[in-house]
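Printed here is my_file.txt (compact mmCIF, C-alpha atoms and all ligand atoms):
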```
# COMPACT_ATOMS: atom_id res chain seq x y z
CA MET A 9 -179.98 -68.29 -124.98
CA PRO A 10 -179.27 -71.53 -123.10
CA GLY A 11 -176.80 -71.37 -120.21
CA LYS A 12 -176.71 -67.60 -120.18
CA TYR A 13 -175.05 -66.01 -117.13
CA LYS A 14 -172.64 -68.93 -116.67
CA ASN A 15 -169.90 -66.79 -115.13
CA THR A 16 -171.90 -64.26 -113.18
CA ILE A 17 -175.13 -63.84 -111.22
CA ASP A 18 -178.58 -64.62 -112.63
CA TRP A 19 -179.41 -61.22 -114.09
CA ASP A 20 -183.04 -62.23 -114.76
CA ARG A 21 -183.58 -62.76 -111.05
CA PHE A 22 -181.62 -59.60 -110.28
CA TRP A 23 -183.80 -57.38 -112.51
CA GLU A 24 -187.05 -59.05 -111.38
CA SER A 25 -186.53 -57.66 -107.89
CA GLU A 26 -184.08 -54.77 -108.34
CA THR A 27 -185.25 -51.22 -107.92
CA VAL A 28 -183.02 -48.53 -109.35
CA SER A 29 -180.76 -47.12 -106.60
CA GLU A 30 -179.58 -43.50 -106.13
CA ASN A 31 -176.08 -44.63 -107.15
CA MET A 32 -177.31 -46.14 -110.41
CA LEU A 33 -179.34 -43.01 -111.14
CA MET A 34 -176.36 -40.76 -110.53
CA GLY A 35 -174.08 -42.95 -112.70
CA GLY A 36 -176.66 -42.99 -115.51
CA ARG A 37 -177.15 -39.21 -115.39
CA ASN A 38 -173.40 -38.57 -115.46
CA MET A 39 -172.93 -40.89 -118.42
CA ALA A 40 -175.80 -39.21 -120.30
CA GLY A 41 -174.02 -35.84 -119.92
CA ARG A 42 -170.78 -37.29 -121.26
CA LEU A 43 -172.39 -39.04 -124.24
CA ALA A 44 -174.36 -35.88 -125.06
CA ARG A 45 -171.05 -34.22 -125.87
CA PHE A 46 -170.27 -36.90 -128.48
CA ILE A 47 -173.82 -36.85 -129.90
CA GLU A 48 -173.74 -33.08 -130.39
CA GLN A 49 -170.13 -32.74 -131.51
CA TYR A 50 -170.41 -35.45 -134.18
CA GLY A 51 -174.12 -35.24 -135.05
CA LEU A 52 -174.75 -38.89 -134.12
CA ARG A 53 -178.30 -40.15 -134.84
CA ARG A 54 -178.59 -43.94 -134.36
CA ILE A 55 -177.43 -45.01 -130.93
CA ALA A 56 -177.21 -48.43 -129.25
CA ASP A 57 -176.66 -49.34 -125.60
CA PHE A 58 -175.43 -52.94 -125.12
CA GLY A 59 -176.10 -54.34 -121.65
CA CYS A 60 -178.49 -51.45 -121.12
CA GLY A 61 -180.04 -52.75 -117.86
CA PRO A 62 -182.72 -50.21 -116.82
CA GLY A 63 -181.47 -47.83 -119.52
CA ILE A 64 -181.13 -44.83 -117.23
CA THR A 65 -178.71 -43.12 -119.62
CA MET A 66 -180.83 -43.99 -122.66
CA PHE A 67 -184.08 -42.60 -121.22
CA ILE A 68 -182.39 -39.27 -120.47
CA LEU A 69 -180.84 -39.07 -123.95
CA ALA A 70 -184.02 -40.19 -125.76
CA GLU A 71 -185.95 -37.36 -124.10
CA LYS A 72 -183.23 -34.81 -124.84
CA TYR A 73 -182.75 -35.83 -128.49
CA PRO A 74 -186.16 -36.73 -130.02
CA GLU A 75 -184.56 -36.64 -133.51
CA CYS A 76 -182.25 -39.57 -132.57
CA GLU A 77 -183.13 -43.27 -132.46
CA PHE A 78 -182.07 -45.34 -129.46
CA VAL A 79 -181.97 -49.14 -129.16
CA GLY A 80 -181.17 -50.88 -125.87
CA PHE A 81 -179.96 -54.50 -125.86
CA ASP A 82 -179.82 -56.78 -122.84
CA PRO A 83 -180.15 -60.57 -122.33
CA SER A 84 -182.56 -60.11 -119.42
CA MET A 85 -186.23 -60.09 -120.44
CA PRO A 86 -187.52 -58.78 -117.08
CA VAL A 87 -185.55 -55.54 -117.50
CA ILE A 88 -186.40 -55.26 -121.21
CA GLU A 89 -190.11 -55.59 -120.45
CA LYS A 90 -189.92 -52.95 -117.72
CA ASN A 91 -188.07 -50.61 -120.12
CA ARG A 92 -190.58 -51.17 -122.92
CA ALA A 93 -193.46 -50.31 -120.59
CA ARG A 94 -191.66 -47.21 -119.31
CA ALA A 95 -190.89 -45.99 -122.85
CA GLU A 96 -194.52 -46.46 -123.87
CA ASN A 97 -195.86 -44.72 -120.76
CA SER A 98 -193.46 -41.82 -121.34
CA GLY A 99 -194.45 -41.49 -125.01
CA LEU A 100 -190.84 -41.99 -126.12
CA SER A 101 -191.34 -43.49 -129.59
CA ASN A 102 -187.67 -42.93 -130.53
CA MET A 103 -186.47 -45.80 -128.32
CA ARG A 104 -186.87 -49.58 -128.30
CA PHE A 105 -185.45 -52.55 -126.42
CA GLU A 106 -184.33 -55.95 -127.76
CA GLN A 107 -183.02 -59.15 -126.20
CA ASP A 108 -179.41 -59.76 -127.23
CA MET A 109 -176.25 -60.95 -125.59
CA LEU A 110 -172.49 -60.60 -125.81
CA PRO A 111 -170.17 -61.91 -127.09
CA ARG A 112 -172.22 -63.25 -130.04
CA ILE A 113 -174.58 -60.47 -130.99
CA ARG A 114 -177.64 -61.47 -133.01
CA THR A 115 -178.58 -58.07 -134.39
CA ASN A 116 -177.29 -56.97 -137.81
CA GLU A 117 -178.20 -53.35 -137.22
CA LYS A 118 -175.55 -50.65 -137.45
CA PHE A 119 -175.28 -47.49 -135.38
CA ASP A 120 -173.44 -44.17 -135.29
CA LEU A 121 -172.68 -44.77 -131.63
CA VAL A 122 -172.49 -48.07 -129.77
CA TYR A 123 -171.79 -47.86 -126.05
CA CYS A 124 -171.37 -50.64 -123.53
CA ILE A 125 -170.96 -49.60 -119.90
CA ALA A 126 -170.45 -51.82 -116.82
CA THR A 127 -171.24 -54.92 -118.89
CA LEU A 128 -168.03 -56.39 -120.37
CA HIS A 129 -167.12 -57.25 -116.77
CA TYR A 130 -169.54 -60.21 -117.10
CA VAL A 131 -168.34 -61.52 -120.48
CA LYS A 132 -165.65 -64.20 -120.69
CA ASP A 133 -164.78 -63.78 -124.37
CA ILE A 134 -164.23 -60.07 -123.96
CA ARG A 135 -162.07 -59.70 -127.08
CA GLY A 136 -164.77 -61.35 -129.21
CA ALA A 137 -167.33 -59.08 -127.54
CA ILE A 138 -165.53 -55.84 -128.43
CA ARG A 139 -164.90 -57.06 -131.98
CA ASN A 140 -168.61 -57.82 -132.41
CA LEU A 141 -169.62 -54.49 -130.88
CA TYR A 142 -167.24 -52.67 -133.23
CA ALA A 143 -168.76 -54.52 -136.21
CA ARG A 144 -172.09 -52.84 -135.39
CA VAL A 145 -170.62 -49.33 -135.80
CA ASN A 146 -171.24 -47.29 -138.99
CA ASP A 147 -168.37 -45.70 -140.90
CA SER A 148 -167.13 -42.67 -138.93
CA GLY A 149 -169.17 -43.85 -135.93
CA PHE A 150 -167.97 -44.54 -132.40
CA LEU A 151 -167.67 -47.46 -130.00
CA ILE A 152 -167.38 -46.47 -126.33
CA PHE A 153 -166.84 -48.99 -123.55
CA ASN A 154 -165.33 -49.48 -120.13
CA TYR A 155 -163.63 -52.76 -119.27
CA PRO A 156 -161.82 -54.60 -116.49
CA ASN A 157 -158.00 -54.37 -116.40
CA ARG A 158 -155.31 -55.22 -113.83
CA PHE A 159 -156.08 -52.05 -111.85
CA SER A 160 -159.74 -53.11 -111.64
CA LEU A 161 -158.58 -56.53 -110.44
CA HIS A 162 -156.68 -55.00 -107.51
CA ALA A 163 -159.61 -52.74 -106.66
CA TYR A 164 -162.15 -55.60 -106.72
CA ARG A 165 -159.83 -57.86 -104.70
CA ASN A 166 -159.51 -55.12 -102.06
CA GLN A 167 -163.17 -54.16 -102.01
CA ILE A 168 -165.00 -57.50 -102.15
CA ARG A 169 -164.88 -59.30 -98.81
CA PRO A 170 -164.18 -63.07 -98.78
CA ASP A 171 -167.66 -63.74 -97.30
CA ASP A 172 -169.50 -61.62 -99.90
CA ALA A 173 -170.69 -64.59 -101.97
CA GLU A 174 -172.99 -62.52 -104.22
CA ASN A 175 -170.31 -60.13 -105.43
CA ARG A 176 -167.68 -62.89 -105.64
CA LYS A 177 -170.01 -64.69 -108.04
CA ARG A 178 -171.01 -61.51 -109.89
CA PHE A 179 -167.39 -60.51 -110.54
CA SER A 180 -165.85 -64.01 -110.69
CA LEU A 181 -164.40 -63.51 -114.19
CA ILE A 182 -162.44 -60.48 -113.01
CA LEU A 183 -161.43 -61.99 -109.65
CA ASN A 184 -160.14 -65.07 -111.50
CA GLU A 185 -158.36 -62.92 -114.11
CA LYS A 186 -160.36 -64.45 -116.97
CA ASN A 187 -161.37 -61.29 -118.83
CA LEU A 188 -158.84 -58.57 -118.09
CA LEU A 189 -157.90 -56.36 -121.04
CA THR A 190 -154.98 -54.09 -121.82
CA LEU A 191 -154.98 -51.17 -124.25
CA LYS A 192 -152.72 -53.30 -126.45
CA ASP A 193 -155.32 -56.11 -126.45
CA ILE A 194 -157.96 -53.63 -127.58
CA ASP A 195 -155.70 -52.28 -130.30
CA SER A 196 -154.97 -55.77 -131.63
CA ALA A 197 -158.64 -56.89 -131.38
CA LEU A 198 -160.00 -53.85 -133.24
CA GLY A 199 -157.02 -52.80 -135.35
CA ARG A 200 -157.45 -49.29 -133.97
CA CYS A 201 -155.69 -47.59 -131.12
CA PRO A 202 -158.29 -46.82 -128.39
CA LYS A 203 -158.50 -43.28 -127.02
CA ASN A 204 -159.23 -42.22 -123.48
CA PHE A 205 -162.94 -41.42 -123.06
CA TRP A 206 -162.51 -39.71 -119.68
CA LYS A 207 -160.04 -37.28 -121.21
CA ALA A 208 -162.31 -36.65 -124.21
CA VAL A 209 -165.13 -35.57 -121.87
CA GLY A 210 -162.84 -33.38 -119.78
CA GLU A 211 -162.40 -35.68 -116.78
CA GLY A 212 -159.29 -36.99 -115.05
CA PRO A 213 -157.97 -40.52 -115.56
CA ASN A 214 -159.64 -43.44 -113.81
CA ARG A 215 -157.31 -46.43 -114.15
CA GLU A 216 -159.55 -48.84 -112.22
CA ASN A 217 -162.49 -48.02 -114.45
CA ASN A 218 -160.88 -47.19 -117.74
CA CYS A 219 -163.23 -46.17 -120.50
CA VAL A 220 -162.15 -45.82 -124.11
CA TYR A 221 -163.52 -44.87 -127.49
CA VAL A 222 -162.65 -45.99 -130.98
CA ARG A 223 -163.81 -44.31 -134.17
CA ARG A 224 -164.43 -46.49 -137.21
CA ASN A 225 -162.64 -45.47 -140.41
CA ALA A 226 -162.39 -41.84 -139.37
CA ALA A 227 -161.06 -39.65 -142.19
CA ALA A 228 -157.34 -38.97 -141.87
CA GLY A 229 -156.72 -36.24 -139.35
CA ALA A 230 -160.19 -36.51 -137.78
CA LYS A 231 -160.29 -37.06 -134.05
C1 LIG B 1 -174.25 -53.60 -114.02
S1 LIG B 1 -175.50 -53.72 -115.23
C2 LIG B 1 -175.14 -52.26 -116.19
C3 LIG B 1 -176.37 -51.66 -116.80
C4 LIG B 1 -176.12 -50.37 -117.57
N1 LIG B 1 -175.21 -50.54 -118.68
C5 LIG B 1 -175.60 -49.28 -116.65
O1 LIG B 1 -174.47 -48.81 -116.86
O2 LIG B 1 -176.33 -48.91 -115.72
C6 LIG B 1 -174.92 -55.02 -116.29
C7 LIG B 1 -175.91 -55.40 -117.39
O3 LIG B 1 -175.31 -56.34 -118.25
C8 LIG B 1 -176.27 -57.31 -118.61
N2 LIG B 1 -175.52 -58.51 -119.04
C9 LIG B 1 -175.07 -59.54 -118.30
N3 LIG B 1 -174.42 -60.43 -119.09
C10 LIG B 1 -174.44 -59.91 -120.34
C11 LIG B 1 -173.95 -60.34 -121.61
N4 LIG B 1 -173.27 -61.49 -121.76
N5 LIG B 1 -174.18 -59.57 -122.70
C12 LIG B 1 -174.85 -58.38 -122.59
N6 LIG B 1 -175.34 -57.92 -121.42
C13 LIG B 1 -175.13 -58.67 -120.31
C14 LIG B 1 -177.12 -57.49 -117.36
O4 LIG B 1 -178.40 -58.02 -117.62
C15 LIG B 1 -177.19 -56.05 -116.85
O5 LIG B 1 -178.31 -55.39 -117.35
```

As structure tokens, please, write out the structure in this file.
Amino acid sequence: MPGKYKNTIDWDRFWESETVSENMLMGGRNMAGRLARFIEQYGLRRIADFGCGPGITMFILAEKYPECEFVGFDPSMPVIEKNRARAENSGLSNMRFEQDMLPRIRTNEKFDLVYCIATLHYVKDIRGAIRNLYARVNDSGFLIFNYPNRFSLHAYRNQIRPDDAENRKRFSLILNEKNLLTLKDIDSALGRCPKNFWKAVGEGPNRENNCVYVRRNAAAGAK
């Protein structure tokens, strides 16, 4: 993967030194609770996390659902190796981790649920990325992702100080308006109208951090 991380920070260096913060833990736990609703409601079995990082959500779900298979994908080998060791030490044989990268995904595997959280923010060809993620979803399966939009742009511009070089680099694609999406963009990239994930899990709207889901070839009338 030559030239990876061209438009963001060096995630290999980041994960070599990063320890999981309270914030990350809380975010991962909350997301696990939300995804559990989809897994149970639709009987989903094969589940992929793209841009999994330390896989906080995945570890919780893999323990809760031993009958399901979980695969985490990330371009950063340091975090993949840490995750592999943790899965082995925890005896979680229903999960594995592979190196892969958006927008051009190498894996041909298909899943009942593909989710991609806090990751498309670092991908320039974001339309290609969501198309390729959607291609990895089984019939009647789900793609769930959050993405940067114009509300995120305003939030990041307000929150990131001019002298905060690290975050300016990390979020440069958003700050330079290179990878902002609209719901219409998603609809035209996937040929399916995206639905609001926050609403589906009983939460209020979050325009700055919009999260959507799309179901592949759902039978007429199905949600
Ligand atoms: C902010 S972390 C999010 C981790 C995890 N999804 C979560 O919600 O806690 C972003 C992740 O995206 C990964 N990443 C960066 N560029 C990527 C790309 N082009 N394709 C896939 N993952 C990427 C990084 O290595 C990192 O693990």

Ref. answer, residues at most 6 Å from (-169.4, -49.6, -127.8) with only C-alpha atoms, as an mmCIF file with C-alpha atoms, in the coordinates of the input:
```cif
data_model
loop_
_atom_site.group_PDB
_atom_site.id
_atom_site.type_symbol
_atom_site.label_atom_id
_atom_site.label_comp_id
_atom_site.auth_asym_id
_atom_site.auth_seq_id
_atom_site.Cartn_x
_atom_site.Cartn_y
_atom_site.Cartn_z
ATOM 1 C CA VAL A 122 -172.490 -48.070 -129.770
ATOM 2 C CA TYR A 123 -171.790 -47.860 -126.050
ATOM 3 C CA CYS A 124 -171.370 -50.640 -123.530
ATOM 4 C CA LEU A 141 -169.620 -54.490 -130.880
ATOM 5 C CA LEU A 151 -167.670 -47.460 -130.000
ATOM 6 C CA ILE A 152 -167.380 -46.470 -126.330
ATOM 7 C CA PHE A 153 -166.840 -48.990 -123.550
#
```

What does the list of residues within 7 Å of ligand LIG 1 (chain B) look like if you count only C-alpha atoms and all ligand atoms, written as a list of chain:residue names?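 So, counting only C-alpha atoms and all ligand atoms, the residues near ligand LIG 1 (chain B) are A:Tyr13, A:Trp19, A:Asp20, A:Met32, A:Gly36, A:Phe58, A:Gly59, A:Cys60, A:Gly61, A:Pro62, A:Gly63, A:Ile64, A:Asp82, A:Pro83, A:Ser84, A:Asp108, A:Met109, A:Leu110, A:Pro111, A:Cys124, A:Ile125, A:Ala126, A:Thr127, A:Tyr130, A:Val131.
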
Could you tell me which of A:Val145, A:Ile134, A:Val28, A:Val209 comes closest to Asn187 (chain A) if we count only C-alpha atoms?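 Answer, going by the shortest atom-to-atom distance: A:Ile134.
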
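Separating CA of Asp193 (chain A) from CA of Arg135 (chain A) is a distance of 7.7 Å.
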
If you measure from CA of Leu198 (chain A) to CA of Arg144 (chain A), what distance in Å do you get, rounded to one decimal?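 It comes out at 12.3 Å.
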
Tell me, as a compact mmCIF listing (two decimals) with C-alpha atoms, keeping the file's coordinate frame, which residues lie within 10 Å of Phe159 (chain A), counting all atoms listed in the file; anything in the same chain fewer than 5 positions away does not count.
```txt
# COMPACT_ATOMS: atom_id res chain seq x y z
CA TYR A 164 -162.15 -55.60 -106.72
CA ARG A 165 -159.83 -57.86 -104.70
CA LEU A 188 -158.84 -58.57 -118.09
CA ASN A 214 -159.64 -43.44 -113.81
CA ARG A 215 -157.31 -46.43 -114.15
CA GLU A 216 -159.55 -48.84 -112.22
CA ASN A 217 -162.49 -48.02 -114.45
CA ASN A 218 -160.88 -47.19 -117.74
```

Every residue with an atom at most 7 Å from (-177.4, -52.3, -130.3) (file coordinates; all atoms listed in the file) is what I'm after, so could you write them as a ChimeraX atom specification? /A:56-58,79-81,122

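Take CA of Arg223 (chain A) and CA of Ser148 (chain A): the distance between them is 6.0 Å.
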
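Taking all atoms listed in the file into account, Leu189 (chain A) lies nearest to A:Leu128 out of the set A:Leu69, A:Val222, A:Cys76, A:Leu128.
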
Would you pick out the contacts of region 91-95 of chain A at 8 Å or less, using all atoms listed in the file, so that residues sharing its chain but fewer than 5 positions from it are not included, and give the list as a VMD selection string? chain A and resid 62 to 63 67 100 to 101 103 to 105

Which residue, A:Arg224, A:Arg178, A:Arg139, A:Arg37, has the smallest gap to Asp120 (chain A) when you use only C-alpha atoms?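 Counting only C-alpha atoms, the residue closest to Asp120 (chain A) is A:Arg224.
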
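Of the residues listed (A:Arg53, A:Glu75, A:Lys207, A:Glu26), A:Glu26 shows the shortest atom-to-atom separation from Val87 (chain A); distances use all atoms listed in the file.
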
I'd like the neighbourhood of Asn102 (chain A) as a list in words, where a residue qualifies if any of its atoms comes within 7 Å (using all atoms listed in the file), though same-chain residues fewer than 5 positions away should be ignored.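 Contacts, with the query itself left out: Ala70, Pro74, Cys76, Glu77 and Phe78 of chain A.
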
Return the single residue from A:Ile168, A:Leu181, A:Asn97, A:Asn154 that is closest to Lys203 (chain A), with distances computed using only C-alpha atoms.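 Answer, going by the shortest atom-to-atom distance: A:Asn154.
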
Could you name the residues that touch Cys201 (chain A) at 12 Å or less, counting all atoms listed in the file, but leaving out those on the same chain fewer than 4 positions away, as number ranges by chain? A: 190-197, 220-225, 231

Can you fill out region 143-164 of chain A with N, CA, C and O atoms and hand it back as a JSON list (two decimals), in the frame of the given file?
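What follows is the written file rebuild_18.json:
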```json
[["chain", "number", "residue", "atom", "x", "y", "z"],
["A", 143, "ALA", "N", -168.17, -54.18, -134.90],
["A", 143, "ALA", "CA", -168.76, -54.52, -136.21],
["A", 143, "ALA", "C", -170.13, -53.88, -136.39],
["A", 143, "ALA", "O", -170.64, -53.81, -137.50],
["A", 144, "ARG", "N", -170.75, -53.45, -135.32],
["A", 144, "ARG", "CA", -172.09, -52.84, -135.39],
["A", 144, "ARG", "C", -172.02, -51.32, -135.53],
["A", 144, "ARG", "O", -173.04, -50.65, -135.47],
["A", 145, "VAL", "N", -170.80, -50.79, -135.72],
["A", 145, "VAL", "CA", -170.62, -49.33, -135.80],
["A", 145, "VAL", "C", -170.54, -48.90, -137.27],
["A", 145, "VAL", "O", -169.80, -49.49, -138.06],
["A", 146, "ASN", "N", -171.29, -47.88, -137.64],
["A", 146, "ASN", "CA", -171.24, -47.29, -138.99],
["A", 146, "ASN", "C", -169.89, -46.65, -139.25],
["A", 146, "ASN", "O", -169.20, -46.25, -138.30],
["A", 147, "ASP", "N", -169.57, -46.46, -140.53],
["A", 147, "ASP", "CA", -168.37, -45.70, -140.90],
["A", 147, "ASP", "C", -168.40, -44.33, -140.22],
["A", 147, "ASP", "O", -169.45, -43.67, -140.23],
["A", 148, "SER", "N", -167.28, -43.94, -139.66],
["A", 148, "SER", "CA", -167.13, -42.67, -138.93],
["A", 148, "SER", "C", -167.86, -42.65, -137.59],
["A", 148, "SER", "O", -167.89, -41.62, -136.92],
["A", 149, "GLY", "N", -168.48, -43.78, -137.22],
["A", 149, "GLY", "CA", -169.17, -43.85, -135.93],
["A", 149, "GLY", "C", -168.22, -44.24, -134.80],
["A", 149, "GLY", "O", -167.02, -44.46, -135.02],
["A", 150, "PHE", "N", -168.78, -44.33, -133.60],
["A", 150, "PHE", "CA", -167.97, -44.54, -132.40],
["A", 150, "PHE", "C", -168.42, -45.77, -131.61],
["A", 150, "PHE", "O", -169.62, -46.05, -131.50],
["A", 151, "LEU", "N", -167.43, -46.44, -131.03],
["A", 151, "LEU", "CA", -167.67, -47.46, -130.00],
["A", 151, "LEU", "C", -167.06, -46.92, -128.71],
["A", 151, "LEU", "O", -165.89, -46.49, -128.70],
["A", 152, "ILE", "N", -167.85, -46.94, -127.65],
["A", 152, "ILE", "CA", -167.38, -46.47, -126.33],
["A", 152, "ILE", "C", -167.62, -47.58, -125.32],
["A", 152, "ILE", "O", -168.75, -48.12, -125.26],
["A", 153, "PHE", "N", -166.63, -47.95, -124.58],
["A", 153, "PHE", "CA", -166.84, -48.99, -123.55],
["A", 153, "PHE", "C", -165.84, -48.86, -122.40],
["A", 153, "PHE", "O", -164.73, -48.39, -122.59],
["A", 154, "ASN", "N", -166.28, -49.29, -121.22],
["A", 154, "ASN", "CA", -165.33, -49.48, -120.13],
["A", 154, "ASN", "C", -165.10, -50.98, -119.98],
["A", 154, "ASN", "O", -165.87, -51.79, -120.50],
["A", 155, "TYR", "N", -164.04, -51.35, -119.28],
["A", 155, "TYR", "CA", -163.63, -52.76, -119.27],
["A", 155, "TYR", "C", -162.76, -53.03, -118.05],
["A", 155, "TYR", "O", -162.14, -52.10, -117.50],
["A", 156, "PRO", "N", -162.69, -54.28, -117.62],
["A", 156, "PRO", "CA", -161.82, -54.60, -116.49],
["A", 156, "PRO", "C", -160.36, -54.75, -116.93],
["A", 156, "PRO", "O", -160.09, -55.35, -117.98],
["A", 157, "ASN", "N", -159.44, -54.22, -116.13],
["A", 157, "ASN", "CA", -158.00, -54.37, -116.40],
["A", 157, "ASN", "C", -157.31, -54.76, -115.08],
["A", 157, "ASN", "O", -157.99, -55.04, -114.08],
["A", 158, "ARG", "N", -155.98, -54.74, -115.06],
["A", 158, "ARG", "CA", -155.31, -55.22, -113.83],
["A", 158, "ARG", "C", -155.52, -54.26, -112.66],
["A", 158, "ARG", "O", -155.46, -54.67, -111.52],
["A", 159, "PHE", "N", -155.80, -52.98, -112.95],
["A", 159, "PHE", "CA", -156.08, -52.05, -111.85],
["A", 159, "PHE", "C", -157.47, -52.35, -111.26],
["A", 159, "PHE", "O", -157.67, -52.27, -110.05],
["A", 160, "SER", "N", -158.41, -52.71, -112.14],
["A", 160, "SER", "CA", -159.74, -53.11, -111.64],
["A", 160, "SER", "C", -159.60, -54.35, -110.76],
["A", 160, "SER", "O", -160.24, -54.46, -109.71],
["A", 161, "LEU", "N", -158.77, -55.29, -111.21],
["A", 161, "LEU", "CA", -158.58, -56.53, -110.44],
["A", 161, "LEU", "C", -158.14, -56.22, -109.01],
["A", 161, "LEU", "O", -158.73, -56.73, -108.05],
["A", 162, "HIS", "N", -157.14, -55.33, -108.86],
["A", 162, "HIS", "CA", -156.68, -55.00, -107.51],
["A", 162, "HIS", "C", -157.78, -54.33, -106.71],
["A", 162, "HIS", "O", -157.98, -54.63, -105.54],
["A", 163, "ALA", "N", -158.53, -53.44, -107.36],
["A", 163, "ALA", "CA", -159.61, -52.74, -106.66],
["A", 163, "ALA", "C", -160.68, -53.73, -106.19],
["A", 163, "ALA", "O", -161.12, -53.70, -105.04],
["A", 164, "TYR", "N", -161.10, -54.64, -107.08],
["A", 164, "TYR", "CA", -162.15, -55.60, -106.72],
["A", 164, "TYR", "C", -161.64, -56.53, -105.61],
["A", 164, "TYR", "O", -162.37, -56.87, -104.69]]
```
